[in-house]
Amino acid sequence: MIRFEDESEAIRDAASAESADLAAAVTSLAEPAVLLTILAVVFWVGNRRRTALVLSYGVAALGFYVSLEALLGLPHSLESALLAPAEVGADGFPSGHAFGAMVVYGGLVGAYERLRDPLAVAIAGALIVAVSLSRVILGTHYLGDVLVGAALGVGFVIAMNRLTRGAPVVGFLIAAVLAGLAVFLPETAAYDVLALGAALGGLLTAGWIDRLPSPRSRLEAAVLVVAGVAVVAAIRLVETALEFAPLLVALYAAFVAWVVFAPELVGRLSSALDRTRVES
């Protein structure tokens, strides 16, 4: 299998040691937890149904990828080539970061019908390319790994578009099936538990998406984002203290439930404060 080892080495040689920190920061833009947080913010301030659809794509992609990587079992690029410390798993083909970036950033462009918008396509494309190159620069993947990962992401989004037909609940159902299968495979990453919990959370809350209120002002939208991200950070902090898989599944389900119900809770709180001011 061609993984472009020589070309990957040339890219690493061309990158300076000082670029390692930047590459490490860029690569984090495709970490599952970061992608979920980005989708949460877009969900709170954007079109709820379209963003929920992409969220289901991302969760389904995570379940699909951990199974695929475990089945292929190809190693990462040489760890000795790393320019910066990074967690390197046992398997490395295709690149999960390139795959996830394409599914989420490319999926948002498609779901929001911005494929003919040069600026939206350019921003998403730049993010995908930057994440992919960061993996090569850090030495965690070969160039071939990220190219195949990105191409696989395109195919995955197209397939999910056709299967879901715009229904987030279908996307979360597919995600639950894929994550459920991944849980039973040997030597899969811990992300299979994340995918299963998030998929179940999406299935349980998808029916509420179209009923959620929109922020009545920019201030309410800002409060929603700040409060929402604060709770997400708290959930991630709790995650570090848990090792029991069923509890982690429940926690990730709660994560998605919070993303969905936060607009309702903040909206009710805002209405209650308005009534209090009027009565006073």
# chains A, B, ... in the order shown; residues from 1 in each chain; ligands from 1
>>> residues_around(residues="segment 132-134 of chain A", least_positions_apart="5", cutoff="8 Å", atoms="only C-alpha atoms", output="PyMOL selection string")
chain A and resi 23-24+26-27+97-98+143+146-147
>>> residues_around(residues="Phe255 of chain A", least_positions_apart="3", cutoff="8 Å", atoms="only C-alpha atoms", output="MDAnalysis selection string")
chainID A and resid 198 201 232 235 251:252 258:259
>>> residues_around(residues="segment 194-196 of chain A", least_positions_apart="5", cutoff="12 Å", atoms="only C-alpha atoms", output="NGL selection string")
:A and (32-33 or 36 or 55-67 or 172-184 or 188-189 or 201-203 or 236 or 239 or 245-256)
>>> write_last_selection(atoms="C-alpha atoms", output="compact mmCIF listing (two decimals), in the first residue's frame")
# COMPACT_ATOMS: atom_id res chain seq x y z
CA PRO A 32 -13.50 14.33 18.72
CA ALA A 33 -14.19 16.36 21.86
CA LEU A 36 -18.36 18.03 19.30
CA LEU A 55 -23.60 16.09 14.65
CA SER A 56 -25.13 12.71 13.83
CA TYR A 57 -22.67 12.39 10.93
CA GLY A 58 -19.76 13.10 13.25
CA VAL A 59 -20.87 10.56 15.85
CA ALA A 60 -21.53 7.94 13.16
CA ALA A 61 -18.12 8.66 11.63
CA LEU A 62 -16.45 8.07 14.99
CA GLY A 63 -18.08 4.67 15.40
CA PHE A 64 -17.25 3.76 11.82
CA TYR A 65 -13.65 4.90 12.05
CA VAL A 66 -12.65 3.06 15.22
CA SER A 67 -13.92 -0.16 13.68
CA PHE A 172 -28.15 8.98 15.23
CA LEU A 173 -29.70 5.55 14.64
CA ILE A 174 -26.93 4.75 12.15
CA ALA A 175 -24.40 6.10 14.63
CA ALA A 176 -25.78 3.85 17.38
CA VAL A 177 -25.50 0.77 15.15
CA LEU A 178 -21.93 1.59 14.09
CA ALA A 179 -20.82 2.42 17.63
CA GLY A 180 -22.52 -0.69 18.99
CA LEU A 181 -20.58 -2.83 16.55
CA ALA A 182 -17.33 -1.07 17.43
CA VAL A 183 -17.77 -1.80 21.14
CA PHE A 184 -17.55 -5.54 20.47
CA THR A 188 -10.69 -0.44 19.59
CA ALA A 189 -9.95 3.02 21.01
CA GLY A 201 -28.18 10.79 23.57
CA GLY A 202 -29.00 11.96 20.06
CA LEU A 203 -31.66 9.29 19.62
CA ARG A 236 -15.26 16.82 30.20
CA GLU A 239 -14.97 12.39 32.17
CA ALA A 245 -17.58 2.21 30.48
CA PRO A 246 -21.35 2.27 31.24
CA LEU A 247 -20.93 5.49 33.22
CA LEU A 248 -18.98 7.02 30.35
CA VAL A 249 -21.74 6.04 27.91
CA ALA A 250 -24.27 7.78 30.19
CA LEU A 251 -22.02 10.83 30.48
CA TYR A 252 -21.66 11.21 26.71
CA ALA A 253 -25.42 10.77 26.32
CA ALA A 254 -25.84 13.57 28.87
CA PHE A 255 -23.41 15.68 26.84
CA VAL A 256 -25.64 15.51 23.76
>>> closest_residue(among="A:Pro118, A:Gly207, A:Gly46, A:Pro263", to="Val223 of chain A", atoms="only C-alpha atoms")
A:Pro263
>>> closest_residue(among="A:Leu273, A:Val238, A:Val225, A:Val131", to="Phe43 of chain A", atoms="only C-alpha atoms")
A:Val225
>>> select_by_dssp(residues="segment 43-248 of chain A", states="helix (DSSP H, G or I)", output="ChimeraX atom specification")
/A:43-45,48-72,79-81,96-111,118-138,143-164,168-183,191-211,218-239,245-248
>>> residues_around(residues="Ser19 of chain A", least_positions_apart="3", cutoff="12 Å", atoms="only C-alpha atoms", output="PDB file with all heavy atoms, in the first residue's frame")
ATOM      1  N   ILE A  11       8.029  16.644   3.765  1.00  0.00           N
ATOM      2  CA  ILE A  11       7.189  17.659   4.417  1.00  0.00           C
ATOM      3  C   ILE A  11       7.686  17.930   5.831  1.00  0.00           C
ATOM      4  O   ILE A  11       7.779  19.088   6.264  1.00  0.00           O
ATOM      5  CB  ILE A  11       5.715  17.204   4.433  1.00  0.00           C
ATOM      6  CG1 ILE A  11       5.153  17.186   3.009  1.00  0.00           C
ATOM      7  CG2 ILE A  11       4.870  18.122   5.317  1.00  0.00           C
ATOM      8  CD1 ILE A  11       3.759  16.599   2.904  1.00  0.00           C
ATOM      9  N   ARG A  12       8.043  16.868   6.557  1.00  0.00           N
ATOM     10  CA  ARG A  12       8.549  17.047   7.921  1.00  0.00           C
ATOM     11  C   ARG A  12       9.884  17.786   7.922  1.00  0.00           C
ATOM     12  O   ARG A  12      10.138  18.642   8.780  1.00  0.00           O
ATOM     13  CB  ARG A  12       8.692  15.688   8.620  1.00  0.00           C
ATOM     14  CG  ARG A  12       7.374  15.047   9.008  1.00  0.00           C
ATOM     15  CD  ARG A  12       7.591  13.897   9.971  1.00  0.00           C
ATOM     16  NE  ARG A  12       8.310  12.789   9.348  1.00  0.00           N
ATOM     17  CZ  ARG A  12       7.721  11.777   8.744  1.00  0.00           C
ATOM     18  NH1 ARG A  12       6.407  11.740   8.660  1.00  0.00           N
ATOM     19  NH2 ARG A  12       8.431  10.801   8.213  1.00  0.00           N
ATOM     20  N   ASP A  13      10.730  17.469   6.957  1.00  0.00           N
ATOM     21  CA  ASP A  13      12.031  18.143   6.885  1.00  0.00           C
ATOM     22  C   ASP A  13      11.869  19.624   6.570  1.00  0.00           C
ATOM     23  O   ASP A  13      12.663  20.455   7.022  1.00  0.00           O
ATOM     24  CB  ASP A  13      12.902  17.478   5.819  1.00  0.00           C
ATOM     25  CG  ASP A  13      13.362  16.087   6.233  1.00  0.00           C
ATOM     26  OD1 ASP A  13      13.281  15.784   7.440  1.00  0.00           O
ATOM     27  OD2 ASP A  13      13.775  15.320   5.346  1.00  0.00           O
ATOM     28  N   ALA A  14      10.850  19.945   5.769  1.00  0.00           N
ATOM     29  CA  ALA A  14      10.628  21.349   5.391  1.00  0.00           C
ATOM     30  C   ALA A  14      10.049  22.165   6.540  1.00  0.00           C
ATOM     31  O   ALA A  14      10.181  23.390   6.566  1.00  0.00           O
ATOM     32  CB  ALA A  14       9.699  21.413   4.182  1.00  0.00           C
ATOM     33  N   ALA A  15       9.406  21.471   7.486  1.00  0.00           N
ATOM     34  CA  ALA A  15       8.815  22.176   8.622  1.00  0.00           C
ATOM     35  C   ALA A  15       9.875  22.425   9.683  1.00  0.00           C
ATOM     36  O   ALA A  15      10.698  21.564   9.976  1.00  0.00           O
ATOM     37  CB  ALA A  15       7.671  21.345   9.210  1.00  0.00           C
ATOM     38  N   SER A  16       9.840  23.595  10.257  1.00  0.00           N
ATOM     39  CA  SER A  16      10.793  23.936  11.308  1.00  0.00           C
ATOM     40  C   SER A  16      10.333  23.352  12.636  1.00  0.00           C
ATOM     41  O   SER A  16       9.154  23.038  12.834  1.00  0.00           O
ATOM     42  CB  SER A  16      10.912  25.460  11.441  1.00  0.00           C
ATOM     43  OG  SER A  16       9.672  26.017  11.839  1.00  0.00           O
ATOM     44  N   LEU A  22       2.513  24.990  16.713  1.00  0.00           N
ATOM     45  CA  LEU A  22       1.394  25.406  15.873  1.00  0.00           C
ATOM     46  C   LEU A  22       0.686  24.184  15.302  1.00  0.00           C
ATOM     47  O   LEU A  22      -0.554  24.117  15.285  1.00  0.00           O
ATOM     48  CB  LEU A  22       1.885  26.306  14.739  1.00  0.00           C
ATOM     49  CG  LEU A  22       0.818  26.765  13.724  1.00  0.00           C
ATOM     50  CD1 LEU A  22      -0.288  27.536  14.426  1.00  0.00           C
ATOM     51  CD2 LEU A  22       1.456  27.607  12.625  1.00  0.00           C
ATOM     52  N   ALA A  23       1.462  23.216  14.847  1.00  0.00           N
ATOM     53  CA  ALA A  23       0.866  21.996  14.292  1.00  0.00           C
ATOM     54  C   ALA A  23       0.052  21.257  15.348  1.00  0.00           C
ATOM     55  O   ALA A  23      -1.024  20.728  15.060  1.00  0.00           O
ATOM     56  CB  ALA A  23       1.958  21.087  13.728  1.00  0.00           C
ATOM     57  N   ALA A  24       0.558  21.222  16.577  1.00  0.00           N
ATOM     58  CA  ALA A  24      -0.169  20.553  17.656  1.00  0.00           C
ATOM     59  C   ALA A  24      -1.480  21.259  17.952  1.00  0.00           C
ATOM     60  O   ALA A  24      -2.497  20.618  18.248  1.00  0.00           O
ATOM     61  CB  ALA A  24       0.699  20.500  18.909  1.00  0.00           C
ATOM     62  N   ALA A  25      -1.474  22.602  17.880  1.00  0.00           N
ATOM     63  CA  ALA A  25      -2.705  23.355  18.112  1.00  0.00           C
ATOM     64  C   ALA A  25      -3.701  23.120  16.980  1.00  0.00           C
ATOM     65  O   ALA A  25      -4.898  22.938  17.223  1.00  0.00           O
ATOM     66  CB  ALA A  25      -2.382  24.851  18.243  1.00  0.00           C
ATOM     67  N   VAL A  26      -3.207  23.115  15.760  1.00  0.00           N
ATOM     68  CA  VAL A  26      -4.089  22.921  14.599  1.00  0.00           C
ATOM     69  C   VAL A  26      -4.690  21.524  14.609  1.00  0.00           C
ATOM     70  O   VAL A  26      -5.877  21.342  14.321  1.00  0.00           O
ATOM     71  CB  VAL A  26      -3.314  23.165  13.289  1.00  0.00           C
ATOM     72  CG1 VAL A  26      -4.146  22.724  12.085  1.00  0.00           C
ATOM     73  CG2 VAL A  26      -2.950  24.642  13.160  1.00  0.00           C
ATOM     74  N   LEU A  82       8.347  12.347  15.427  1.00  0.00           N
ATOM     75  CA  LEU A  82       7.501  13.384  15.999  1.00  0.00           C
ATOM     76  C   LEU A  82       8.305  14.640  16.326  1.00  0.00           C
ATOM     77  O   LEU A  82       9.357  14.586  16.946  1.00  0.00           O
ATOM     78  CB  LEU A  82       6.823  12.888  17.275  1.00  0.00           C
ATOM     79  CG  LEU A  82       5.796  11.761  17.103  1.00  0.00           C
ATOM     80  CD1 LEU A  82       5.309  11.300  18.469  1.00  0.00           C
ATOM     81  CD2 LEU A  82       4.632  12.244  16.270  1.00  0.00           C
ATOM     82  N   LEU A  83       7.748  15.776  15.929  1.00  0.00           N
ATOM     83  CA  LEU A  83       8.358  17.053  16.287  1.00  0.00           C
ATOM     84  C   LEU A  83       7.866  17.546  17.634  1.00  0.00           C
ATOM     85  O   LEU A  83       8.445  18.425  18.230  1.00  0.00           O
ATOM     86  CB  LEU A  83       8.041  18.102  15.211  1.00  0.00           C
ATOM     87  CG  LEU A  83       8.681  17.875  13.847  1.00  0.00           C
ATOM     88  CD1 LEU A  83       8.236  18.962  12.881  1.00  0.00           C
ATOM     89  CD2 LEU A  83      10.187  17.848  13.950  1.00  0.00           C
ATOM     90  N   ALA A  84       6.744  17.014  18.088  1.00  0.00           N
ATOM     91  CA  ALA A  84       6.179  17.415  19.370  1.00  0.00           C
ATOM     92  C   ALA A  84       5.539  16.199  20.011  1.00  0.00           C
ATOM     93  O   ALA A  84       5.123  15.288  19.316  1.00  0.00           O
ATOM     94  CB  ALA A  84       5.134  18.520  19.169  1.00  0.00           C
ATOM     95  N   LEU A 133      -2.219  18.382   7.161  1.00  0.00           N
ATOM     96  CA  LEU A 133      -0.779  18.648   7.128  1.00  0.00           C
ATOM     97  C   LEU A 133      -0.166  18.592   8.525  1.00  0.00           C
ATOM     98  O   LEU A 133       0.989  18.170   8.686  1.00  0.00           O
ATOM     99  CB  LEU A 133      -0.513  20.014   6.492  1.00  0.00           C
ATOM    100  CG  LEU A 133      -0.625  20.080   4.972  1.00  0.00           C
ATOM    101  CD1 LEU A 133      -0.386  21.507   4.489  1.00  0.00           C
ATOM    102  CD2 LEU A 133       0.376  19.122   4.305  1.00  0.00           C
ATOM    103  N   SER A 134      -0.930  19.017   9.531  1.00  0.00           N
ATOM    104  CA  SER A 134      -0.399  18.985  10.898  1.00  0.00           C
ATOM    105  C   SER A 134      -0.078  17.558  11.327  1.00  0.00           C
ATOM    106  O   SER A 134       0.893  17.312  12.050  1.00  0.00           O
ATOM    107  CB  SER A 134      -1.400  19.622  11.874  1.00  0.00           C
ATOM    108  OG  SER A 134      -2.517  18.774  12.100  1.00  0.00           O
ATOM    109  N   ILE A 137       3.231  16.721   9.618  1.00  0.00           N
ATOM    110  CA  ILE A 137       4.323  17.468  10.228  1.00  0.00           C
ATOM    111  C   ILE A 137       4.703  16.885  11.589  1.00  0.00           C
ATOM    112  O   ILE A 137       5.891  16.766  11.920  1.00  0.00           O
ATOM    113  CB  ILE A 137       3.940  18.961  10.370  1.00  0.00           C
ATOM    114  CG1 ILE A 137       3.875  19.619   8.982  1.00  0.00           C
ATOM    115  CG2 ILE A 137       4.935  19.696  11.267  1.00  0.00           C
ATOM    116  CD1 ILE A 137       3.337  21.029   9.007  1.00  0.00           C
ATOM    117  N   LEU A 138       3.696  16.496  12.368  1.00  0.00           N
ATOM    118  CA  LEU A 138       3.963  15.918  13.679  1.00  0.00           C
ATOM    119  C   LEU A 138       4.505  14.498  13.592  1.00  0.00           C
ATOM    120  O   LEU A 138       5.016  13.960  14.566  1.00  0.00           O
ATOM    121  CB  LEU A 138       2.684  15.922  14.530  1.00  0.00           C
ATOM    122  CG  LEU A 138       2.201  17.298  14.997  1.00  0.00           C
ATOM    123  CD1 LEU A 138       0.842  17.177  15.666  1.00  0.00           C
ATOM    124  CD2 LEU A 138       3.208  17.925  15.952  1.00  0.00           C
TER     125      LEU A 138
END
>>> closest_residue(among="A:Ala10, A:Val129, A:Val278, A:Ala167", to="Arg48 of chain A", atoms="only C-alpha atoms")
A:Ala167
>>> decode(residues="segment 44-158 of chain A", atoms="C-alpha atoms", output="PDB file, in the first residue's frame")
ATOM      1  CA  TRP A  44     -26.892  26.961  19.670  1.00  0.00           C
ATOM      2  CA  VAL A  45     -26.462  29.918  17.322  1.00  0.00           C
ATOM      3  CA  GLY A  46     -27.282  28.417  13.917  1.00  0.00           C
ATOM      4  CA  ASN A  47     -29.840  26.202  12.255  1.00  0.00           C
ATOM      5  CA  ARG A  48     -30.648  23.515  14.795  1.00  0.00           C
ATOM      6  CA  ARG A  49     -31.832  20.776  12.433  1.00  0.00           C
ATOM      7  CA  ARG A  50     -28.969  21.134   9.974  1.00  0.00           C
ATOM      8  CA  THR A  51     -26.348  21.206  12.702  1.00  0.00           C
ATOM      9  CA  ALA A  52     -27.900  18.219  14.474  1.00  0.00           C
ATOM     10  CA  LEU A  53     -27.674  16.344  11.181  1.00  0.00           C
ATOM     11  CA  VAL A  54     -23.937  17.012  10.979  1.00  0.00           C
ATOM     12  CA  LEU A  55     -23.600  16.091  14.648  1.00  0.00           C
ATOM     13  CA  SER A  56     -25.126  12.709  13.826  1.00  0.00           C
ATOM     14  CA  TYR A  57     -22.667  12.395  10.928  1.00  0.00           C
ATOM     15  CA  GLY A  58     -19.755  13.098  13.249  1.00  0.00           C
ATOM     16  CA  VAL A  59     -20.873  10.557  15.846  1.00  0.00           C
ATOM     17  CA  ALA A  60     -21.531   7.940  13.164  1.00  0.00           C
ATOM     18  CA  ALA A  61     -18.123   8.660  11.631  1.00  0.00           C
ATOM     19  CA  LEU A  62     -16.452   8.075  14.995  1.00  0.00           C
ATOM     20  CA  GLY A  63     -18.078   4.674  15.399  1.00  0.00           C
ATOM     21  CA  PHE A  64     -17.253   3.765  11.815  1.00  0.00           C
ATOM     22  CA  TYR A  65     -13.646   4.896  12.051  1.00  0.00           C
ATOM     23  CA  VAL A  66     -12.650   3.063  15.225  1.00  0.00           C
ATOM     24  CA  SER A  67     -13.925  -0.158  13.675  1.00  0.00           C
ATOM     25  CA  LEU A  68     -12.181   0.462  10.364  1.00  0.00           C
ATOM     26  CA  GLU A  69      -8.859   1.363  11.960  1.00  0.00           C
ATOM     27  CA  ALA A  70      -8.939  -1.692  14.213  1.00  0.00           C
ATOM     28  CA  LEU A  71      -9.748  -3.993  11.309  1.00  0.00           C
ATOM     29  CA  LEU A  72      -7.030  -2.571   9.037  1.00  0.00           C
ATOM     30  CA  GLY A  73      -4.447  -2.499  11.800  1.00  0.00           C
ATOM     31  CA  LEU A  74      -1.785  -0.495   9.923  1.00  0.00           C
ATOM     32  CA  PRO A  75       0.745   1.305  12.137  1.00  0.00           C
ATOM     33  CA  HIS A  76       1.221   5.032  12.501  1.00  0.00           C
ATOM     34  CA  SER A  77       4.172   6.863  11.037  1.00  0.00           C
ATOM     35  CA  LEU A  78       7.387   6.336  13.016  1.00  0.00           C
ATOM     36  CA  GLU A  79       7.009   7.844  16.474  1.00  0.00           C
ATOM     37  CA  SER A  80      10.655   8.908  16.382  1.00  0.00           C
ATOM     38  CA  ALA A  81       9.726  11.392  13.675  1.00  0.00           C
ATOM     39  CA  LEU A  82       7.501  13.384  15.999  1.00  0.00           C
ATOM     40  CA  LEU A  83       8.358  17.053  16.287  1.00  0.00           C
ATOM     41  CA  ALA A  84       6.179  17.415  19.370  1.00  0.00           C
ATOM     42  CA  PRO A  85       4.828  15.034  22.012  1.00  0.00           C
ATOM     43  CA  ALA A  86       1.600  13.398  20.868  1.00  0.00           C
ATOM     44  CA  GLU A  87      -0.479  10.402  21.719  1.00  0.00           C
ATOM     45  CA  VAL A  88       0.111   7.757  19.066  1.00  0.00           C
ATOM     46  CA  GLY A  89      -2.131   4.729  18.945  1.00  0.00           C
ATOM     47  CA  ALA A  90      -1.322   1.353  17.503  1.00  0.00           C
ATOM     48  CA  ASP A  91      -3.021   1.942  14.175  1.00  0.00           C
ATOM     49  CA  GLY A  92      -2.685   4.792  11.747  1.00  0.00           C
ATOM     50  CA  PHE A  93      -4.462   4.194   8.452  1.00  0.00           C
ATOM     51  CA  PRO A  94      -6.424   6.074   7.394  1.00  0.00           C
ATOM     52  CA  SER A  95      -6.030   9.322   9.331  1.00  0.00           C
ATOM     53  CA  GLY A  96      -8.912   9.783  11.736  1.00  0.00           C
ATOM     54  CA  HIS A  97      -8.195  13.502  12.072  1.00  0.00           C
ATOM     55  CA  ALA A  98      -8.406  14.089   8.314  1.00  0.00           C
ATOM     56  CA  PHE A  99     -11.522  11.916   8.163  1.00  0.00           C
ATOM     57  CA  GLY A 100     -13.223  13.706  11.065  1.00  0.00           C
ATOM     58  CA  ALA A 101     -12.306  17.163   9.780  1.00  0.00           C
ATOM     59  CA  MET A 102     -13.807  16.376   6.388  1.00  0.00           C
ATOM     60  CA  VAL A 103     -16.991  14.909   7.868  1.00  0.00           C
ATOM     61  CA  VAL A 104     -17.624  17.825  10.245  1.00  0.00           C
ATOM     62  CA  TYR A 105     -16.298  20.899   8.433  1.00  0.00           C
ATOM     63  CA  GLY A 106     -17.223  19.617   4.999  1.00  0.00           C
ATOM     64  CA  GLY A 107     -20.512  18.306   6.343  1.00  0.00           C
ATOM     65  CA  LEU A 108     -21.436  21.741   7.716  1.00  0.00           C
ATOM     66  CA  VAL A 109     -20.804  23.358   4.335  1.00  0.00           C
ATOM     67  CA  GLY A 110     -23.035  20.789   2.671  1.00  0.00           C
ATOM     68  CA  ALA A 111     -25.784  20.818   5.302  1.00  0.00           C
ATOM     69  CA  TYR A 112     -25.989  24.613   5.210  1.00  0.00           C
ATOM     70  CA  GLU A 113     -26.089  24.497   1.396  1.00  0.00           C
ATOM     71  CA  ARG A 114     -22.926  26.580   1.023  1.00  0.00           C
ATOM     72  CA  LEU A 115     -21.172  24.427  -1.569  1.00  0.00           C
ATOM     73  CA  ARG A 116     -21.403  27.318  -4.067  1.00  0.00           C
ATOM     74  CA  ASP A 117     -20.189  29.871  -1.531  1.00  0.00           C
ATOM     75  CA  PRO A 118     -16.453  30.395  -2.248  1.00  0.00           C
ATOM     76  CA  LEU A 119     -15.760  31.774   1.238  1.00  0.00           C
ATOM     77  CA  ALA A 120     -17.439  28.898   3.095  1.00  0.00           C
ATOM     78  CA  VAL A 121     -15.727  26.310   0.903  1.00  0.00           C
ATOM     79  CA  ALA A 122     -12.374  28.068   1.311  1.00  0.00           C
ATOM     80  CA  ILE A 123     -12.646  28.192   5.119  1.00  0.00           C
ATOM     81  CA  ALA A 124     -13.679  24.545   5.412  1.00  0.00           C
ATOM     82  CA  GLY A 125     -11.025  23.504   2.898  1.00  0.00           C
ATOM     83  CA  ALA A 126      -8.324  25.431   4.742  1.00  0.00           C
ATOM     84  CA  LEU A 127      -9.260  23.779   8.042  1.00  0.00           C
ATOM     85  CA  ILE A 128      -9.215  20.303   6.495  1.00  0.00           C
ATOM     86  CA  VAL A 129      -5.880  20.868   4.746  1.00  0.00           C
ATOM     87  CA  ALA A 130      -4.319  22.441   7.842  1.00  0.00           C
ATOM     88  CA  VAL A 131      -5.398  19.555  10.085  1.00  0.00           C
ATOM     89  CA  SER A 132      -4.181  16.998   7.547  1.00  0.00           C
ATOM     90  CA  LEU A 133      -0.779  18.648   7.128  1.00  0.00           C
ATOM     91  CA  SER A 134      -0.399  18.985  10.898  1.00  0.00           C
ATOM     92  CA  ARG A 135      -0.620  15.206  11.209  1.00  0.00           C
ATOM     93  CA  VAL A 136       2.167  14.751   8.672  1.00  0.00           C
ATOM     94  CA  ILE A 137       4.323  17.468  10.228  1.00  0.00           C
ATOM     95  CA  LEU A 138       3.963  15.918  13.679  1.00  0.00           C
ATOM     96  CA  GLY A 139       4.888  12.555  12.238  1.00  0.00           C
ATOM     97  CA  THR A 140       1.750  10.765  13.448  1.00  0.00           C
ATOM     98  CA  HIS A 141       0.628   9.985   9.893  1.00  0.00           C
ATOM     99  CA  TYR A 142       2.006   9.601   6.422  1.00  0.00           C
ATOM    100  CA  LEU A 143       0.710  11.763   3.588  1.00  0.00           C
ATOM    101  CA  GLY A 144      -1.150   8.789   2.143  1.00  0.00           C
ATOM    102  CA  ASP A 145      -2.990   8.314   5.454  1.00  0.00           C
ATOM    103  CA  VAL A 146      -4.438  11.821   5.438  1.00  0.00           C
ATOM    104  CA  LEU A 147      -5.292  11.784   1.736  1.00  0.00           C
ATOM    105  CA  VAL A 148      -7.258   8.567   2.120  1.00  0.00           C
ATOM    106  CA  GLY A 149      -8.822   9.837   5.352  1.00  0.00           C
ATOM    107  CA  ALA A 150     -10.083  13.005   3.667  1.00  0.00           C
ATOM    108  CA  ALA A 151     -11.356  11.098   0.623  1.00  0.00           C
ATOM    109  CA  LEU A 152     -13.108   8.625   2.906  1.00  0.00           C
ATOM    110  CA  GLY A 153     -14.730  11.569   4.677  1.00  0.00           C
ATOM    111  CA  VAL A 154     -16.197  12.835   1.413  1.00  0.00           C
ATOM    112  CA  GLY A 155     -17.644   9.413   0.647  1.00  0.00           C
ATOM    113  CA  PHE A 156     -18.997   9.079   4.182  1.00  0.00           C
ATOM    114  CA  VAL A 157     -20.829  12.426   4.031  1.00  0.00           C
ATOM    115  CA  ILE A 158     -22.340  11.567   0.646  1.00  0.00           C
TER     116      ILE A 158
END
